[in-house]
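Quick notes on the structure that follows.
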Protein chains: 2
Amino acid sequence: MSTVEKPSYKVIGTRPIRHDGVDKVTGRAKYGADIRLTGMLWAAMLRSPHAHAKITRLDTSKAKALPGVRAVVTSKDFPDQGDRLVELGEGSVNMKHLAANVLAHDKVLYHGHAIAAVAADSIHIAQQAVELIEIEYEVLPPVQDALSAMKPESPVLNTDVRTKGYVAGGPGSADQPTNVASRIYFEQGDIKKGFADAAVVVEREFHTATVHQGYIEPHNATVLWNADGKVTVWMSTQGTFTARQQTAELLRIPVSDVKVVPMEIGGGFGGKISVYLPPVAAMLSKLSGRPVQLVMDRAAVLLATGPTPGSYIRVKVGTDKSGRIIAADAYLAYEAGAYPGSPIGPGCMCIFSCYDIPNARVEGYDVCVNKPRTNAYRAPGSTNAAFAMETVLDEIAKQLKLDPAEIRLLNAAKEGTRRVDGPKYSRIGMAETVEAIRDSAHYQSPLPGPNRGRGIATGFWFNVGLKSSVTATLNLDGKVSLLEGSTDIGGTRTSIAMQFAETLGIPCEDVHPSVVDTDSIGYTDVTGGSRTTFSTGIAAVNAANDIKQQLIERAAIHWQTTPDKVQYIDGGVTCSDGQRLTFKELAAELHELGGPVIGQGTSGKEAQGGAFGTHCVDVEVDPETGKVQILRYTAAQDCGTAIHPSYVEGQIQGGAVQGIGWALNEEFWYDPKGLLRNATFLDYRMPTCYDVPMIDAIIVEVPDPSHPYGVRGVGEVPICPPPAAIANAIANAVGVQMTTLPMSPPKIMAELLKQKK
Amino acid sequence: MSTVEKPSYKVIGTRPIRHDGVDKVTGRAKYGADIRLTGMLWAAMLRSPHAHAKITRLDTSKAKALPGVRAVVTSKDFPDQGDRLVELGEGSVNMKHLAANVLAHDKVLYHGHAIAAVAADSIHIAQQAVELIEIEYEVLPPVQDALSAMKPESPVLNTDVRTKGYVAGGPGSADQPTNVASRIYFEQGDIKKGFADAAVVVEREFHTATVHQGYIEPHNATVLWNADGKVTVWMSTQGTFTARQQTAELLRIPVSDVKVVPMEIGGGFGGKISVYLPPVAAMLSKLSGRPVQLVMDRAAVLLATGPTPGSYIRVKVGTDKSGRIIAADAYLAYEAGAYPGSPIGPGCMCIFSCYDIPNARVEGYDVCVNKPRTNAYRAPGSTNAAFAMETVLDEIAKQLKLDPAEIRLLNAAKEGTRRVDGPKYSRIGMAETVEAIRDSAHYQSPLPGPNRGRGIATGFWFNVGLKSSVTATLNLDGKVSLLEGSTDIGGTRTSIAMQFAETLGIPCEDVHPSVVDTDSIGYTDVTGGSRTTFSTGIAAVNAANDIKQQLIERAAIHWQTTPDKVQYIDGGVTCSDGQRLTFKELAAELHELGGPVIGQGTSGKEAQGGAFGTHCVDVEVDPETGKVQILRYTAAQDCGTAIHPSYVEGQIQGGAVQGIGWALNEEFWYDPKGLLRNATFLDYRMPTCYDVPMIDAIIVEVPDPSHPYGVRGVGEVPICPPPAAIANAIANAVGVQMTTLPMSPPKIMAELLKQKK
């Protein structure tokens with residue numbers, strides 16, 4: 001662990017056992033599908049067998065008539081959304097599109113698109129009833145990649161998508177339907193002049209496949225629409241309040257009439273923010289008067305949730321003779337999936353953000369295609385962009401005979417650097433992560449042997465802040481119950497409790513955190529955007545400070561003095577006359593000193609400073625098959641301050657492994673009719689423990705000045721560098737520069753065979 | 001409704017639908033026995049068939065060996081309590097006694113005393129295993145009334161009970177065992193001189209039977225002792241924090257390792273404060289590694305929980321010729337049941353507290369007998385006392401030919417009156433309740449017909465304050481989630497929400513209250529002592545004021561001004577320049593004005609002012625059978641300010657009906673061996689709708705100055721007057737003055753026959 005000016009902490013930086021560990025190890029932890037309610041019905045869904053079709057007839061009467069069926073719903077049972085745009089936590093959402101994704105309206109836009117749902121006394125009856133739904137389609141031609149979808153001859157998915165200047169294939173008015181849902185444009189300096197002055201210019205085109213988050217636990221929702229109009233949703237979600245709002249908006253009822261109860265979550269990675277099932281289960285519950293459970297199977301998860309976009313990217317970079325970047329230009333077209341909303345924005349924000357580039361331009365497009373509506377996946381949009389930028393930079397380094405670490409250090413963004421999308425950096429640790437890799441035993445070691453190569457790459461994620469709430473109540477035994485609204489995916493119960501404990505100077509074990517429902521805690525945004533340990537941490541620190549202040553007042557009562565004579569120091573209160581009470585001693589007396597003590601804290605005003613990671617990978621390429629074996633992998637990341645180093649390492653390792661899967665094997669495989677042919681974990685090939693070595697994590701600590709303990713979010717950055725680092729290592733090993741993802745054996749073989757010609 | 005200087009409220013005094021109403025009507029509400037957990041075991045208990053016996057042999061090995069049995073516990077499996085006295089909410093409790101009541105140690109002290117418990121795969125296996133427990137007793141003679149138990153020749157129940165000066169039957173040292181667990185003594189003025197000066201003196205002796213609270217829902221506990229050492233208890237209880245503390249103390253683990261989750265409660269009336277089952281189910285869970293459910297059957301409830309004490313009371317009152325009380329003397333001996341702890345203290349505090357008496361003395365004894373350990377029951381101790389005092393006062397009125405209302409008004413306690421136990425009254429409404437009855441249509445109406453009579457009586461309860469916590473979170477739709485720790489027995493979700501809504505000037509329907517577990521809210525004392533609407537109400541008002549202050553700060557941000565320029569008025573904020581935002585408008589913008597808003601409030605410093613009720617009853621006595629029929633019943637009570645008049649009326653009606661049952665029929669019927677022979681609802685005769693007419697409730701409102709809206713607790717007072725009022729009505733109807741409870745047909749007949757002789 002490399003450390004920059006670290007204050008001395010008592011709790012932060014230690015590795016306590018996670019509060020929810022025993023329940024997860026013993027199987028007591030309850031996930032979404034574990035809930036059982038009296039009189040509960042099971043539900044199943046009808047999904048589209050076509051990638052693109054008009055629904056010409058839909059008759060559910062036979063399904064409704066099947067004994068044991070209690071309710072059948074289609075989109076007709078839901079309120080009309082009009083043309084509403086609603087702020088949903090991380091941006092405004094077109095509610096008509098969200099509703100149509102939950103249950104198709106007159107068209108289906110992807111294979112697996114949900115159309116109808118049945119609730120019945122058993123899952124078997126529900127599934128049988130789905131078969132009895134009569135439906136007819138007029139099949140339409142599908143379009144499944146961004147560049148094709150932007151062409152004039154492309155079929156158009158959504159006739160209400162009108163982006164001025166971007167009708168199919170070229171200029172047009174906002175009155176013409178198009179698949180281009182939005183355009184992003186950033187510019188700084190003068191790229192024309194920049195490229196004219198450049199000594200070296202490299203331009204490349206890239207294609208990346210659609211990949212899925214691959215969480216183990218399928219989506220689920222169990223809903224009771226109670227006779228009093230209140231709707232309770234039990235589900236696993238990354239954000240109970242976001243799920244609450246989406247559900248309420250889709251049902252057009254007040255948000256406070258919906259309570260979302262968070263169950264444990266078996267992975268999300270961004271894919272469990274958007275709502276698929278709760279409104280459907282809610283409507284089935286309303287119609288049947290019974291609680292309804294709706295759980296996806298694996299195929300439904302892969303067909304109809306998640307993925308992160310496939311993309312086309314063109315990058316052009318020019319440097320002077322020393323390797324200093326003086327101009328950069330990027331064009332990105334990201335697949336939105338069926339409805340607008342790809343992470344093209346973040347892709348454009350990230351692509352050049354590791355570097356200080358005087359002249360730059362980024363142009364990006366969000367393009368609808370006949371694939372499931374994309375969703376966030378760990379640093380959404382940034383991995384695609386890093387693959388392009390970081391391989392181009394390596395090509396330049398090679399031409400200039402620069403060490404790949406040196407060219408990155410030479411150009412590294414630092415405090416004060418202005419990003420092409422506008423913001424100026426506060427103190428960041430980009431260069432420190434490159435130095436950590438450069439100086440690592442791994443990078444310093446030799447790599448003998450044929451077909452072996454080493455590559456490095458850097459990645460960036462801006463990290464969000466947003467809003468969180470924490471409440472804390474003191475027990476007479478000197479322990480604290482901590483309530484939080486952030487669902488715990490990666491150990492945040494503990495990382496939040498640690499910050500609270502540090503602030504009060506008490507042991508982490510004396511803080512008992514609970515993740516509670518939306519009625520029981522103040523508004524809290526999603527566990528995503530690498531925000532939870534940062535922002536909910538700030539809320540916890542504020543709650544602890546609130547308690548400190550109250551304890552000072554109680555101690556003043558105890559000592560019959562005034563609060564200004566009392567200080568809270570080092571886990572207790574000290575009177576100006578020298579008397580002292582520990583936290584535990586004071587807690588035991590609270591009921592005689594004015595009653596219970598409750599602390600509360602919120603966050604929402606703080607913006608994170610951004611985080612960087614640099615990875616180094618050694619590969620061996622099998623020249624006979626094109627298979628790439630990862631030999632050694634080291635990831636250095638600036639996490640500001642590592643609250644719980646084990647979880648930081650875990651995030652880095654997990655992110656790197658997902659990036660390795662994305663790099664080498666994962667892809668949605670569509671047939672010519674637009675049907676997904678690998679919607680199983682057998683055929684959608686994620687890395688297993690046989691595919692990856694131990695990931696060595698190097699924690700770099702450059703504290704973020706916007707957090708009281710310097711925390712930076714850590715969850716997202718580690719997925720960004722792997723595809724680029726592996727591509728650079730492959731180039732180093734066998735001399736072919738890959739420009740498509742995944743870099744699977746057939747694609748590598750094709751390049752190797754081209755090389756031999 | 002009679003009103004004294006009532007401010008104009010918008011929410012207080014209205015009758016909104018209760019928030020939990022639909023769930024209770026539709027059956028969705030979950031009570032203690034409704035909970036089901038994965039892998040849950042069912043438990044059954046072995047109970048004593050004797051009233052008093054030594055356990056000479058206890059062998060559970062055959063029970064343990066029965067297939068399907070997962071754990072068996074006796075008191076030997078529990079930690080030793082030593083001689084600890086622990087503060088448990090409303091007073092200090094001898095933990096050894098509490099533990100021995102939960103599972104008997106070497107002796108059983110009453111019929112039904114719990115001895116052992118078995119957890120098994122089904123309740124049938126558990127019950128079969130109980131039969132296999134081998135146990136032998138040395139049967140001891142029982143003693144079942146206070147006066148007998150105080151005699152020198154009485155068997156002594158607890159050899160560790162040593163009350164100095166009160167060994168059996170008379171003076172002695174603290175080294176000798178006794179059944180007298182404590183003595184209470186209050187005195188003011190000079191009673192000797194008072195009685196010497198009196199024109200009229202009446203002295204009478206009274207006996208009252210043991211009666212039970214008679215709640216419909218049996219006691220229950222479902223407990224998981226988790227592998228991480230954390231214990232979760234799902235139960236119906238009047239106080240989750242008290243149940244938590246008792247459970248933790250009995251298991252000798254930290255309170256914060258126990259979480260009590262409140263289920264809905266089917267009645268308590270004081271009887272669901274003390275813990276019987278949770279420690280037993282917890283230990284069975286610890287030994288089996290599984291969650292365990294333990295639910296009493298009706299017989300166990302009547303045999304081993306609850307009751308309020310049978311008692312012996314002697315009262316002597318002297319007045320001058322005008323009826324002014326100048327001296328009063330009382331001697332009370334209350335049956336504690338098996339272990340110390342009868343409500344003798346409250347009995348002594350209440351007996352003379354309706355009146356302004358210059359010279360008074362009260363002497364009281366807490367006496368152990370071979371009956372279940374007594375517990376609180378609605379104004380515990382006061383009903384027995386009121387029966388004695390209020391009938392003696394009526395006899396004096398008769399002798400002086402004074403109207404019963406007039407003698408009460410003449411002597412009524414008022415602001416400044418000093419109670420014999422010390423405190424001086426703040427503003428109270430004693431006289432106002434007598435006036436309300438005196439002026440009522442009922443009291444003013446004639447009562448023609450033979451064997452008919454009318455009686456009145458007054459009752460007092462001091463009402464407690466204690467500690468509560470409330471947390472409130474704002475939703476963007478302008479509605480509020482309210483968390484409280486007070487379990488809701490009589491509609492307090494709504495009465496608390498109403499005070500919160502009134503303070504913020506918003507509709508009650510916009511406040512969504514939840515009663516949450518002990519991890520999710522600050523410390524809150526029991527729902528009992530008529531404290532909840534008072535004290536949790538204050539906490540809610542404080543939480544609302546906290547929110548007001550935060551909204552003023554947010555509005556200042558919105559208007560780009562300073563908080564001192566903003567006022568919260570009438571459900572919204574107003575800027576000094578005249579601009580205005582309603583609560584809803586401001587709530588919608590909170591996320592742009594600094595993030596979530598959480599309010600918190602506690603209470604604990606406030607003492608209630610005491611409450612009074614005067615009842616009037618018409619009866620008809622059947623001279624052939626002695627059966628008393630209630631013809632008409634009116635109850636007037638000072639509730640300070642009626643938050644929700646329907647619930648106030650409901651409390652008055654419910655209390656009056658319970659008092660009627662106590663007066664006329666209810667009694668524990670023990671045989672000569674000390675065995676309870678009527679432990680069923682068929683034989684323990686509570687009133688049904690055939691026995692009572694509609695109870696007319698007159699709400700008197702004399703605001704309590706210690707509550708921001710003037711609330712007085714209402715739940716307890718209404719049970720105090722009925723036995724005395726009915727006895728006075730019987731005397732008025734047929735000329736016999738009853739001095740024993742219940743005034744059942746055989747007892748009335750006996751008096752009527754004596755009269756005829």
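Ordering of the structure tokens sets the chain letters (A, B, ...); residue numbers start at 1 within each chain; ligands are numbered from 1 in the order shown.
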Could you pull the residues within 12 Å of Arg554 (chain A), counting only C-alpha atoms, minus those fewer than 6 positions along the same chain, as number ranges by chain? A: 547-548, 560-568, 572-575, 581, 583, 585-597
Could you write those residues out with N, CA, C and O atoms, as a short mmCIF file (atom, residue, chain, number, x, y, z; two decimals), in the first residue's frame?
data_model
loop_
_atom_site.label_atom_id
_atom_site.label_comp_id
_atom_site.auth_asym_id
_atom_site.auth_seq_id
_atom_site.Cartn_x
_atom_site.Cartn_y
_atom_site.Cartn_z
N ILE A 547 -24.31 13.51 17.03
CA ILE A 547 -24.30 12.83 18.34
C ILE A 547 -23.25 13.43 19.26
O ILE A 547 -23.51 13.65 20.45
N LYS A 548 -22.08 13.72 18.73
CA LYS A 548 -21.04 14.37 19.52
C LYS A 548 -21.59 15.61 20.20
O LYS A 548 -21.40 15.84 21.39
N GLN A 560 -22.97 19.66 35.55
CA GLN A 560 -23.61 20.91 35.96
C GLN A 560 -22.78 22.11 35.51
O GLN A 560 -22.46 23.01 36.27
N THR A 561 -22.44 22.06 34.22
CA THR A 561 -21.68 23.17 33.64
C THR A 561 -22.33 23.54 32.31
O THR A 561 -23.47 23.12 32.03
N THR A 562 -21.66 24.32 31.50
CA THR A 562 -22.21 24.71 30.21
C THR A 562 -21.47 23.97 29.10
O THR A 562 -20.30 23.59 29.27
N PRO A 563 -22.15 23.73 27.97
CA PRO A 563 -21.55 22.94 26.89
C PRO A 563 -20.19 23.47 26.42
O PRO A 563 -19.34 22.69 25.99
N ASP A 564 -19.98 24.77 26.51
CA ASP A 564 -18.71 25.32 26.03
C ASP A 564 -17.53 24.88 26.89
O ASP A 564 -16.37 25.04 26.49
N LYS A 565 -17.82 24.33 28.08
CA LYS A 565 -16.76 23.84 28.94
C LYS A 565 -16.42 22.37 28.66
O LYS A 565 -15.56 21.79 29.31
N VAL A 566 -17.16 21.77 27.73
CA VAL A 566 -17.00 20.33 27.47
C VAL A 566 -16.47 20.12 26.06
O VAL A 566 -16.90 20.79 25.12
N GLN A 567 -15.53 19.19 25.94
CA GLN A 567 -15.03 18.84 24.61
C GLN A 567 -15.21 17.35 24.38
O GLN A 567 -15.08 16.55 25.32
N TYR A 568 -15.51 16.98 23.14
CA TYR A 568 -15.54 15.56 22.79
C TYR A 568 -14.20 15.22 22.17
O TYR A 568 -13.85 15.71 21.10
N GLY A 572 -14.65 10.16 24.03
CA GLY A 572 -15.26 10.50 25.31
C GLY A 572 -15.34 12.01 25.46
O GLY A 572 -14.90 12.76 24.59
N VAL A 573 -15.91 12.43 26.60
CA VAL A 573 -16.04 13.86 26.85
C VAL A 573 -15.13 14.27 27.99
O VAL A 573 -14.92 13.53 28.95
N THR A 574 -14.57 15.45 27.85
CA THR A 574 -13.66 15.98 28.85
C THR A 574 -14.16 17.35 29.27
O THR A 574 -14.53 18.17 28.43
N CYS A 575 -14.19 17.56 30.59
CA CYS A 575 -14.62 18.85 31.13
C CYS A 575 -13.40 19.74 31.29
O CYS A 575 -12.27 19.25 31.49
N LEU A 581 -15.46 11.41 30.98
CA LEU A 581 -16.35 10.25 30.85
C LEU A 581 -16.12 9.65 29.47
O LEU A 581 -16.08 10.38 28.48
N PHE A 583 -17.30 7.42 26.18
CA PHE A 583 -18.56 7.30 25.43
C PHE A 583 -19.49 6.31 26.12
O PHE A 583 -20.66 6.57 26.32
N GLU A 585 -19.46 5.24 29.28
CA GLU A 585 -19.93 5.73 30.59
C GLU A 585 -21.05 6.75 30.43
O GLU A 585 -22.04 6.73 31.17
N LEU A 586 -20.88 7.63 29.47
CA LEU A 586 -21.90 8.67 29.27
C LEU A 586 -23.19 8.04 28.71
O LEU A 586 -24.29 8.40 29.14
N ALA A 587 -23.04 7.09 27.79
CA ALA A 587 -24.22 6.44 27.20
C ALA A 587 -25.07 5.78 28.28
O ALA A 587 -26.30 5.83 28.24
N ALA A 588 -24.42 5.20 29.27
CA ALA A 588 -25.15 4.50 30.33
C ALA A 588 -26.02 5.45 31.15
O ALA A 588 -26.97 5.03 31.79
N GLU A 589 -25.69 6.73 31.12
CA GLU A 589 -26.41 7.69 31.96
C GLU A 589 -27.39 8.57 31.18
O GLU A 589 -28.00 9.48 31.76
N LEU A 590 -27.52 8.31 29.88
CA LEU A 590 -28.29 9.24 29.06
C LEU A 590 -29.72 9.43 29.53
O LEU A 590 -30.26 10.53 29.47
N HIS A 591 -30.32 8.34 30.04
CA HIS A 591 -31.73 8.47 30.39
C HIS A 591 -31.94 9.36 31.60
O HIS A 591 -33.03 9.89 31.80
N GLU A 592 -30.89 9.54 32.38
CA GLU A 592 -31.00 10.47 33.50
C GLU A 592 -30.59 11.88 33.06
O GLU A 592 -30.71 12.83 33.84
N LEU A 593 -30.07 12.00 31.87
CA LEU A 593 -29.56 13.30 31.41
C LEU A 593 -30.40 13.87 30.27
O LEU A 593 -29.89 14.59 29.42
N GLY A 594 -31.68 13.51 30.26
CA GLY A 594 -32.55 14.15 29.26
C GLY A 594 -33.16 13.21 28.25
O GLY A 594 -33.84 13.65 27.34
N GLY A 595 -32.93 11.90 28.40
CA GLY A 595 -33.62 10.96 27.52
C GLY A 595 -32.77 10.49 26.36
O GLY A 595 -31.55 10.69 26.32
N PRO A 596 -33.46 9.83 25.41
CA PRO A 596 -32.74 9.18 24.30
C PRO A 596 -31.95 10.16 23.44
O PRO A 596 -32.29 11.34 23.36
N VAL A 597 -30.91 9.64 22.80
CA VAL A 597 -30.12 10.43 21.85
C VAL A 597 -30.20 9.78 20.46
O VAL A 597 -29.92 8.60 20.31
#
Proximity check region 282-361 of chain A to region 458-465 of chain A, 12 Å, nearest pairs one decimal Å, only C-alpha atoms, as a Markdown table:
| residue | atom | partner | partner_atom | distance |
| --- | --- | --- | --- | --- |
| A:Gly345 | CA | A:Phe462 | CA | 11.8 |
| A:Pro346 | CA | A:Trp461 | CA | 8.5 |
| A:Gly347 | CA | A:Trp461 | CA | 9.7 |
| A:Cys348 | CA | A:Trp461 | CA | 11.5 |
| A:Met349 | CA | A:Phe462 | CA | 8.4 |
| A:Cys350 | CA | A:Phe460 | CA | 6.2 |
| A:Ile351 | CA | A:Phe460 | CA | 8.3 |
| A:Phe352 | CA | A:Phe460 | CA | 9.0 |
| A:Ser353 | CA | A:Phe460 | CA | 6.8 |
| A:Cys354 | CA | A:Phe460 | CA | 6.2 |
| A:Tyr355 | CA | A:Phe460 | CA | 9.9 |
For N, CA and C atoms, I'd like the residues from the last selection saved as an mmCIF file, in the first residue's frame.
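Result saved to result-v3.cif:
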data_model
loop_
_atom_site.group_PDB
_atom_site.id
_atom_site.type_symbol
_atom_site.label_atom_id
_atom_site.label_comp_id
_atom_site.auth_asym_id
_atom_site.auth_seq_id
_atom_site.Cartn_x
_atom_site.Cartn_y
_atom_site.Cartn_z
ATOM 1 N N GLY A 345 -22.842 9.689 -22.703
ATOM 2 C CA GLY A 345 -22.343 10.869 -21.981
ATOM 3 C C GLY A 345 -21.085 10.552 -21.195
ATOM 4 N N PRO A 346 -21.168 9.585 -20.266
ATOM 5 C CA PRO A 346 -19.965 9.211 -19.520
ATOM 6 C C PRO A 346 -18.821 8.757 -20.425
ATOM 7 N N GLY A 347 -19.141 8.045 -21.524
ATOM 8 C CA GLY A 347 -18.090 7.617 -22.452
ATOM 9 C C GLY A 347 -17.324 8.824 -22.968
ATOM 10 N N CYS A 348 -18.084 9.852 -23.367
ATOM 11 C CA CYS A 348 -17.451 11.070 -23.885
ATOM 12 C C CYS A 348 -16.691 11.818 -22.790
ATOM 13 N N MET A 349 -17.235 11.779 -21.546
ATOM 14 C CA MET A 349 -16.571 12.472 -20.438
ATOM 15 C C MET A 349 -15.259 11.787 -20.056
ATOM 16 N N CYS A 350 -15.177 10.482 -20.290
ATOM 17 C CA CYS A 350 -14.026 9.720 -19.788
ATOM 18 C C CYS A 350 -12.906 9.555 -20.803
ATOM 19 N N ILE A 351 -13.218 9.572 -22.081
ATOM 20 C CA ILE A 351 -12.266 9.048 -23.069
ATOM 21 C C ILE A 351 -10.894 9.732 -23.008
ATOM 22 N N PHE A 352 -10.871 11.040 -22.778
ATOM 23 C CA PHE A 352 -9.573 11.733 -22.742
ATOM 24 C C PHE A 352 -9.184 12.204 -21.346
ATOM 25 N N SER A 353 -9.946 11.785 -20.329
ATOM 26 C CA SER A 353 -9.846 12.443 -19.024
ATOM 27 C C SER A 353 -8.680 11.996 -18.160
ATOM 28 N N CYS A 354 -7.907 11.008 -18.623
ATOM 29 C CA CYS A 354 -6.705 10.664 -17.874
ATOM 30 C C CYS A 354 -5.572 11.646 -18.176
ATOM 31 N N TYR A 355 -5.763 12.454 -19.208
ATOM 32 C CA TYR A 355 -4.620 13.215 -19.706
ATOM 33 C C TYR A 355 -4.913 14.711 -19.800
#
May I have the residues within 12 Å of Arg36 (chain B) as a list in words, using only C-alpha atoms and disregarding those fewer than 3 positions away in the same chain?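 These residues fall inside the cut-off: Ile35, Arg36, Leu37 and Thr38 of chain A; Lys30, Tyr31, Gly32, Ala33, Gly39, Met40, Leu41, Trp42, Ala221, Thr222, Val223, Leu224, Trp234, Met235, Pro291, Val292, Gln293 and Leu294 of chain B.
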Which of region 266-452 of chain B fall in strand (DSSP E), as a count of residues only: 36
Excluding region 21-29 of chain A and any residue of its chain fewer than 3 positions from it, enumerate the residues within 12 Å of it, using only C-alpha atoms, and give them as a PyMOL selection string. (chain A and resi 16-18+32-35+236+262-266+488-494) or (chain B and resi 37-39+224-230+289-291)
Print the selection's residues with C-alpha atoms to a file, as a compact mmCIF listing (two decimals), in the first residue's frame.
# COMPACT_ATOMS: atom_id res chain seq x y z
CA PRO A 16 -12.98 -5.67 10.76
CA ILE A 17 -15.28 -8.60 9.99
CA ARG A 18 -18.28 -7.48 7.97
CA GLY A 32 -35.25 -11.18 -3.15
CA ALA A 33 -36.63 -14.57 -4.11
CA ASP A 34 -36.56 -15.84 -0.52
CA ILE A 35 -39.52 -13.83 0.69
CA SER A 236 -33.13 -6.71 -4.38
CA PRO A 262 -34.49 -4.02 0.40
CA MET A 263 -33.58 -7.68 0.38
CA GLU A 264 -29.95 -8.73 0.15
CA ILE A 265 -28.63 -8.31 -3.36
CA GLY A 266 -26.67 -10.90 -5.30
CA ASP A 488 -25.03 -3.08 0.70
CA ILE A 489 -23.44 -4.72 -2.31
CA GLY A 490 -19.76 -4.61 -1.50
CA GLY A 491 -19.47 -4.32 2.26
CA THR A 492 -20.77 -0.79 2.76
CA ARG A 493 -22.53 -1.64 6.03
CA THR A 494 -19.03 -1.95 7.41
CA LEU B 37 -39.30 -18.34 9.53
CA THR B 38 -37.37 -20.82 7.44
CA GLY B 39 -36.47 -23.86 9.54
CA LEU B 224 -33.61 -16.47 16.29
CA TRP B 225 -30.30 -16.66 18.14
CA ASN B 226 -28.11 -16.09 15.14
CA ALA B 227 -24.68 -17.60 14.60
CA ASP B 228 -23.14 -14.14 15.04
CA GLY B 229 -24.54 -13.91 18.57
CA LYS B 230 -27.30 -11.47 17.67
CA GLY B 289 -29.40 -23.30 15.94
CA ARG B 290 -32.89 -22.72 14.58
CA PRO B 291 -35.56 -20.07 15.01
Counting only C-alpha atoms, which of B:Thr232, B:Thr740, B:Val648, B:Ala281 gets nearest to Asp257 (chain B)?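 Counting only C-alpha atoms, the residue closest to Asp257 (chain B) is B:Thr232.
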Select residues of chain A: the criterion is any atom within 8 Å of an atom of chain B, counting only C-alpha atoms; output as an MDAnalysis selection string. chainID A and resid 22:23 26 227:228 254:256 467:469 473:477 479:483 514 519:524 591 594:598 600 602:605
So that I can check the surroundings of region 44-56 of chain A, please list as number ranges by chain every protein, DNA and RNA residue that reaches within 6 Å of it, counting only C-alpha atoms and ignoring chain neighbours fewer than 5 positions away. A: 106-118, 126-127, 130, 136-140, 142, 370, 674
Spatial neighbours of Val736 (chain A), 8 Å, only C-alpha atoms, chain gap at least 4 places, as a short mmCIF file (atom, residue, chain, number, x, y, z; two decimals) with C-alpha atoms, in the first residue's frame:
data_model
loop_
_atom_site.label_atom_id
_atom_site.label_comp_id
_atom_site.auth_asym_id
_atom_site.auth_seq_id
_atom_site.Cartn_x
_atom_site.Cartn_y
_atom_site.Cartn_z
CA ILE A 730 -1.24 -9.06 -26.92
CA ALA A 731 0.41 -6.57 -29.26
CA ASN A 732 3.55 -6.85 -27.18
CA GLU A 751 -5.25 -11.27 -37.00
CA LEU A 752 -2.41 -13.76 -36.61
CA GLN A 755 0.05 -11.13 -40.09
#
Skip Ser744 (chain A) itself and residues of its chain fewer than 5 positions away, then list as a PyMOL selection string all residues within 8 Å of it, counting only C-alpha atoms. chain A and resi 626-628+664-665
Of the candidates B:Leu250, B:Val258, B:Val202, B:Ala299, which one gets nearest to Phe78 (chain B) if we count only C-alpha atoms?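 Of B:Leu250, B:Val258, B:Val202, B:Ala299, the one nearest Phe78 (chain B), counting only C-alpha atoms, is B:Leu250.
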